[in-house]
file protein-v9.pdb (PDB, C-alpha atoms)
ATOM      1  CA  MET K 169      18.423   8.917 -15.816
ATOM      2  CA  LYS K 170      15.823   6.235 -15.106
ATOM      3  CA  ARG K 171      13.138   6.216 -17.823
ATOM      4  CA  THR K 172      10.729   3.459 -16.833
ATOM      5  CA  GLY K 173       9.172   1.953 -13.761
ATOM      6  CA  ILE K 174       8.981   3.801 -10.466
ATOM      7  CA  LEU K 175      10.671   7.170 -10.836
ATOM      8  CA  HIS K 176      10.142   8.498  -7.300
ATOM      9  CA  PRO K 177      13.529   8.094  -5.580
ATOM     10  CA  GLY K 178      12.107   7.598  -2.095
ATOM     11  CA  LEU K 179       9.697   4.884  -3.191
ATOM     12  CA  GLY K 180      12.350   3.196  -5.328
ATOM     13  CA  HIS K 181      14.759   3.164  -2.392
ATOM     14  CA  LEU K 182      12.124   1.772  -0.026
ATOM     15  CA  LEU K 183      11.280  -1.091  -2.382
ATOM     16  CA  ALA K 184      14.933  -1.915  -3.035
ATOM     17  CA  SER K 185      15.623  -1.969   0.715
ATOM     18  CA  CYS K 186      13.066  -4.679   1.466
ATOM     19  CA  GLY K 187      13.795  -8.344   1.880
ATOM     20  CA  HIS K 188      11.630 -11.446   2.051
ATOM     21  CA  THR K 189       8.562 -10.992   4.336
ATOM     22  CA  ASP K 190       9.189  -7.268   4.897
ATOM     23  CA  TYR K 191       6.090  -5.212   4.416
ATOM     24  CA  ILE K 192       5.040  -1.780   3.277
ATOM     25  CA  THR K 193       1.856   0.071   4.136
ATOM     26  CA  VAL K 194       0.060   1.859   1.284
ATOM     27  CA  CYS K 195      -2.590   4.179   2.684
ATOM     28  CA  ASP K 196      -5.132   6.839   1.909
ATOM     29  CA  GLY K 197      -4.669  10.497   2.796
ATOM     30  CA  GLY K 198      -6.386  10.201   6.167
ATOM     31  CA  PHE K 199      -4.548   7.183   7.570
ATOM     32  CA  PRO K 200      -2.601   7.922  10.780
ATOM     33  CA  VAL K 201       0.914   7.481   9.367
ATOM     34  CA  PRO K 202       3.075   6.115  12.171
ATOM     35  CA  ILE K 203       6.199   7.856  13.362
ATOM     36  CA  GLY K 204       9.168   5.572  12.926
ATOM     37  CA  PRO K 205       8.932   3.692   9.640
ATOM     38  CA  GLU K 206      10.167   5.494   6.545
ATOM     39  CA  ARG K 207       7.457   7.728   5.073
ATOM     40  CA  VAL K 208       7.049   8.253   1.329
ATOM     41  CA  ASP K 209       4.384  10.917   0.889
ATOM     42  CA  LEU K 210       2.964  10.890  -2.635
ATOM     43  CA  ALA K 211      -0.277  12.761  -1.806
ATOM     44  CA  LEU K 212      -0.712  15.684  -4.194
ATOM     45  CA  VAL K 213      -4.398  16.594  -4.045
ATOM     46  CA  PRO K 214      -7.447  14.589  -2.973
ATOM     47  CA  GLY K 215      -7.641  11.512  -5.206
ATOM     48  CA  ILE K 216      -4.151  11.810  -6.729
ATOM     49  CA  PRO K 217      -2.529   9.369  -6.702
ATOM     50  CA  THR K 218      -4.853   6.598  -5.614
ATOM     51  CA  VAL K 219      -3.880   3.559  -3.596
ATOM     52  CA  LEU K 220      -4.593   1.444  -6.688
ATOM     53  CA  ASP K 221      -2.236   3.603  -8.795
ATOM     54  CA  VAL K 222       0.550   2.962  -6.301
ATOM     55  CA  VAL K 223      -0.235  -0.753  -5.934
ATOM     56  CA  ARG K 224      -0.157  -1.170  -9.739
ATOM     57  CA  ALA K 225       3.268   0.478  -9.927
ATOM     58  CA  ILE K 226       4.707  -1.503  -7.017
ATOM     59  CA  HIS K 227       3.240  -4.819  -8.189
ATOM     60  CA  ALA K 228       4.876  -4.352 -11.600
ATOM     61  CA  GLU K 229       8.351  -4.189 -10.008
ATOM     62  CA  TRP K 230       8.148  -5.947  -6.681
ATOM     63  CA  SER K 231       7.439  -9.498  -5.584
ATOM     64  CA  VAL K 232       4.214  -9.367  -3.532
ATOM     65  CA  ASP K 233       3.631 -12.492  -1.447
ATOM     66  CA  ARG K 234       0.275 -11.416   0.026
ATOM     67  CA  VAL K 235      -1.709  -8.329   0.925
ATOM     68  CA  LEU K 236      -3.267  -7.520   4.272
ATOM     69  CA  ILE K 237      -6.529  -5.592   4.168
ATOM     70  CA  ALA K 238      -9.033  -4.466   6.782
ATOM     71  CA  ASP K 239     -12.270  -6.405   7.051
ATOM     72  CA  GLU K 240     -14.059  -3.053   6.955
ATOM     73  CA  MET K 241     -12.935  -2.646   3.322
ATOM     74  CA  ALA K 242     -15.328  -5.398   2.198
ATOM     75  CA  GLU K 243     -18.203  -3.779   4.079
ATOM     76  CA  VAL K 244     -17.645  -0.146   3.086
ATOM     77  CA  SER K 245     -15.579  -0.111  -0.138
ATOM     78  CA  LEU K 246     -16.617  -3.196  -2.107
ATOM     79  CA  ASP K 247     -15.884  -1.602  -5.519
ATOM     80  CA  PHE K 248     -12.363  -0.754  -4.343
ATOM     81  CA  LEU K 249     -11.885  -4.353  -3.179
ATOM     82  CA  ARG K 250     -12.996  -5.699  -6.578
ATOM     83  CA  GLU K 251     -10.528  -3.415  -8.356
ATOM     84  CA  LEU K 252      -7.769  -4.399  -5.943
ATOM     85  CA  ARG K 253      -8.355  -8.093  -6.673
ATOM     86  CA  ALA K 254      -8.170  -7.361 -10.415
ATOM     87  CA  VAL K 255      -4.877  -5.482 -10.010
ATOM     88  CA  LEU K 256      -3.299  -8.188  -7.841
ATOM     89  CA  GLY K 257      -4.398 -11.198  -9.856
ATOM     90  CA  GLY K 258      -3.684 -14.320  -7.837
ATOM     91  CA  VAL K 259      -1.925 -12.626  -4.933
ATOM     92  CA  PRO K 260      -3.694 -13.791  -1.747
ATOM     93  CA  LEU K 261      -5.549 -11.319   0.459
ATOM     94  CA  GLU K 262      -5.408 -11.712   4.221
ATOM     95  CA  VAL K 263      -8.144  -9.983   6.218
ATOM     96  CA  VAL K 264      -7.463  -8.330   9.586
ATOM     97  CA  SER K 265      -9.317  -5.679  11.567
ATOM     98  CA  HIS K 266      -8.629  -2.025  10.787
ATOM     99  CA  LEU K 267      -7.167  -1.644  14.276
ATOM    100  CA  GLU K 268      -4.780  -4.550  13.609
ATOM    101  CA  LEU K 269      -3.774  -3.027  10.263
ATOM    102  CA  LYS K 270      -2.916   0.242  12.030
ATOM    103  CA  ARG K 271      -0.953  -1.666  14.680
ATOM    104  CA  LEU K 272       1.006  -3.622  12.058
ATOM    105  CA  SER K 273       1.758  -0.435  10.107
ATOM    106  CA  GLN K 274       3.817   0.820  13.054
ATOM    107  CA  THR K 275       6.425  -1.869  12.421
ATOM    108  CA  ALA K 276       6.312  -1.810   8.607
ATOM    109  CA  ARG K 277       9.490  -1.077   6.683
ATOM    110  CA  GLY K 278       7.788   2.048   5.368
ATOM    111  CA  THR K 279       4.506   3.791   4.664
ATOM    112  CA  VAL K 280       3.440   5.194   1.303
ATOM    113  CA  ARG K 281       0.774   7.886   1.723
ATOM    114  CA  THR K 282      -1.470   8.616  -1.251
ATOM    115  CA  GLY K 283      -4.146  11.200  -1.923
ATOM    116  CA  ASP K 284      -6.857   8.537  -2.016
ATOM    117  CA  THR K 285     -10.171   9.351  -0.349
ATOM    118  CA  VAL K 286     -11.825   5.906  -0.527
ATOM    119  CA  PRO K 287     -12.774   4.738   2.985
ATOM    120  CA  TYR K 288     -10.569   1.927   4.294
ATOM    121  CA  ALA K 289      -8.353   1.982   1.185
ATOM    122  CA  ASN K 290      -5.367   1.023   3.326
ATOM    123  CA  LEU K 291      -3.323  -2.128   2.954
ATOM    124  CA  ILE K 292      -0.045  -3.774   3.715
ATOM    125  CA  LEU K 293       1.996  -5.372   0.933
ATOM    126  CA  VAL K 294       4.127  -8.286   2.126
ATOM    127  CA  SER K 295       7.321  -8.860   0.170
ATOM    128  CA  GLY K 296       7.766 -12.234  -1.505
TER
END
call {"tool": "encode", "arguments": {"input": "protein-v9.pdb", "output": "structure tokens"}}
result
Amino acid sequence: MKRTGILHPGLGHLLASCGHTDYITVCDGGFPVPIGPERVDLALVPGIPTVLDVVRAIHAEWSVDRVLIADEMAEVSLDFLRELRAVLGGVPLEVVSHLELKRLSQTARGTVRTGDTVPYANLILVSG
């Protein structure tokens, strides 16, 4: 039995299946999860888990090259963006429009849906 790290089998499998430059969408509860890429639904109730909870867990085990975020995040959810930068340390952020983020999510390796309710708390993690 695995005792540390990511315990969710679907999320663990998704991360282990990725190669260099593959990407994974981590989204809030309201994001239109695309049909096609693998879906790991972690949403339990509103606010649990948060996108930041999931990013912390993934970042501890996975090589993150960069993170794509929507430009709307900086306008609407500045506190979230500050916390995200703190969690990621020196990992570069790349800003795209929210529409582009949704388009890119359709070809991601997988999507991890959280219970987060923060507006525009959606991002794409690019594997290093």
call {"tool": "resolve_selection", "arguments": {"input": "protein-v9.pdb", "expression": "the PyMOL selection byres ((chain K and resi 213) around 10)", "output": "tab-separated table (two decimals) with C-alpha atoms, keeping the file's coordinate frame"}}
result
chain	number	residue	atom	x	y	z
K	197	GLY	CA	-4.67	10.50	2.80
K	210	LEU	CA	2.96	10.89	-2.64
K	211	ALA	CA	-0.28	12.76	-1.81
K	212	LEU	CA	-0.71	15.68	-4.19
K	214	PRO	CA	-7.45	14.59	-2.97
K	215	GLY	CA	-7.64	11.51	-5.21
K	216	ILE	CA	-4.15	11.81	-6.73
K	217	PRO	CA	-2.53	9.37	-6.70
K	282	THR	CA	-1.47	8.62	-1.25
K	283	GLY	CA	-4.15	11.20	-1.92
K	284	ASP	CA	-6.86	8.54	-2.02
K	285	THR	CA	-10.17	9.35	-0.35
call {"tool": "closest_residue", "arguments": {"input": "protein-v9.pdb", "among": "K:Asp196, K:Glu240, K:Glu268, K:Glu229", "to": "K:Asp209", "atoms": "all atoms listed in the file"}}
result
K:Asp196
call {"tool": "resolve_selection", "arguments": {"input": "protein-v9.pdb", "expression": "the PyMOL selection byres ((chain K and resi 171-178) around 8)", "output": "list of chain:residue names"}}
result
K:Met169, K:Lys170, K:Leu179, K:Gly180, K:His181, K:Leu182, K:Val208, K:Ala225, K:Ile226, K:Ala228, K:Glu229
call {"tool": "write_last_selection", "arguments": {"input": "protein-v9.pdb", "atoms": "C-alpha atoms", "output": "PDB file, keeping the file's coordinate frame"}}
result
ATOM      1  CA  MET K 169      18.423   8.917 -15.816  1.00  0.00           C
ATOM      2  CA  LYS K 170      15.823   6.235 -15.106  1.00  0.00           C
ATOM      3  CA  LEU K 179       9.697   4.884  -3.191  1.00  0.00           C
ATOM      4  CA  GLY K 180      12.350   3.196  -5.328  1.00  0.00           C
ATOM      5  CA  HIS K 181      14.759   3.164  -2.392  1.00  0.00           C
ATOM      6  CA  LEU K 182      12.124   1.772  -0.026  1.00  0.00           C
ATOM      7  CA  VAL K 208       7.049   8.253   1.329  1.00  0.00           C
ATOM      8  CA  ALA K 225       3.268   0.478  -9.927  1.00  0.00           C
ATOM      9  CA  ILE K 226       4.707  -1.503  -7.017  1.00  0.00           C
ATOM     10  CA  ALA K 228       4.876  -4.352 -11.600  1.00  0.00           C
ATOM     11  CA  GLU K 229       8.351  -4.189 -10.008  1.00  0.00           C
TER      12      GLU K 229
END
call {"tool": "residues_around", "arguments": {"input": "protein-v9.pdb", "residues": "K:Gln274", "least_positions_apart": "5", "cutoff": "9 Å", "atoms": "only C-alpha atoms", "output": "list in words"}}
result
Val201, Pro202, Ile203, Gly204, Pro205, Leu269 and Thr279 of chain K
call {"tool": "residues_around", "arguments": {"input": "protein-v9.pdb", "residues": "stretch 243-245 of chain K", "least_positions_apart": "3", "cutoff": "9 Å", "atoms": "all atoms listed in the file", "output": "PyMOL selection string"}}
result
chain K and resi 239-240+248-250+286-289
call {"tool": "atom_distance", "arguments": {"input": "protein-v9.pdb", "atom1": "atom CA of K:Ser231", "atom2": "atom CA of K:Gly198"}}
result
26.8 Å
call {"tool": "resolve_selection", "arguments": {"input": "protein-v9.pdb", "expression": "the PyMOL selection byres ((chain K and resi 272) around 12)", "output": "PyMOL selection string"}}
result
chain K and resi 190-193+201-202+205+236-238+264-271+273-279+290-294
call {"tool": "residues_near_point", "arguments": {"input": "protein-v9.pdb", "point": "(-2.9, -5.6, -2.7)", "cutoff": "6 Å", "atoms": "only C-alpha atoms", "output": "ChimeraX atom specification"}}
result
/K:235,252,256
call {"tool": "closest_residue", "arguments": {"input": "protein-v9.pdb", "among": "K:Leu220, K:Leu261, K:Gly296, K:Arg281", "to": "K:Cys195", "atoms": "only C-alpha atoms"}}
result
K:Arg281
call {"tool": "atom_distance", "arguments": {"input": "protein-v9.pdb", "atom1": "atom CA of K:Ala254", "atom2": "atom CA of K:Asp233"}}
result
15.7 Å
call {"tool": "closest_residue", "arguments": {"input": "protein-v9.pdb", "among": "K:Thr218, K:Ala242, K:Ser295, K:Val280", "to": "K:Gly187", "atoms": "only C-alpha atoms"}}
result
K:Ser295
call {"tool": "atom_distance", "arguments": {"input": "protein-v9.pdb", "atom1": "atom CA of K:Ala184", "atom2": "atom CA of K:Met241"}}
result
28.6 Å
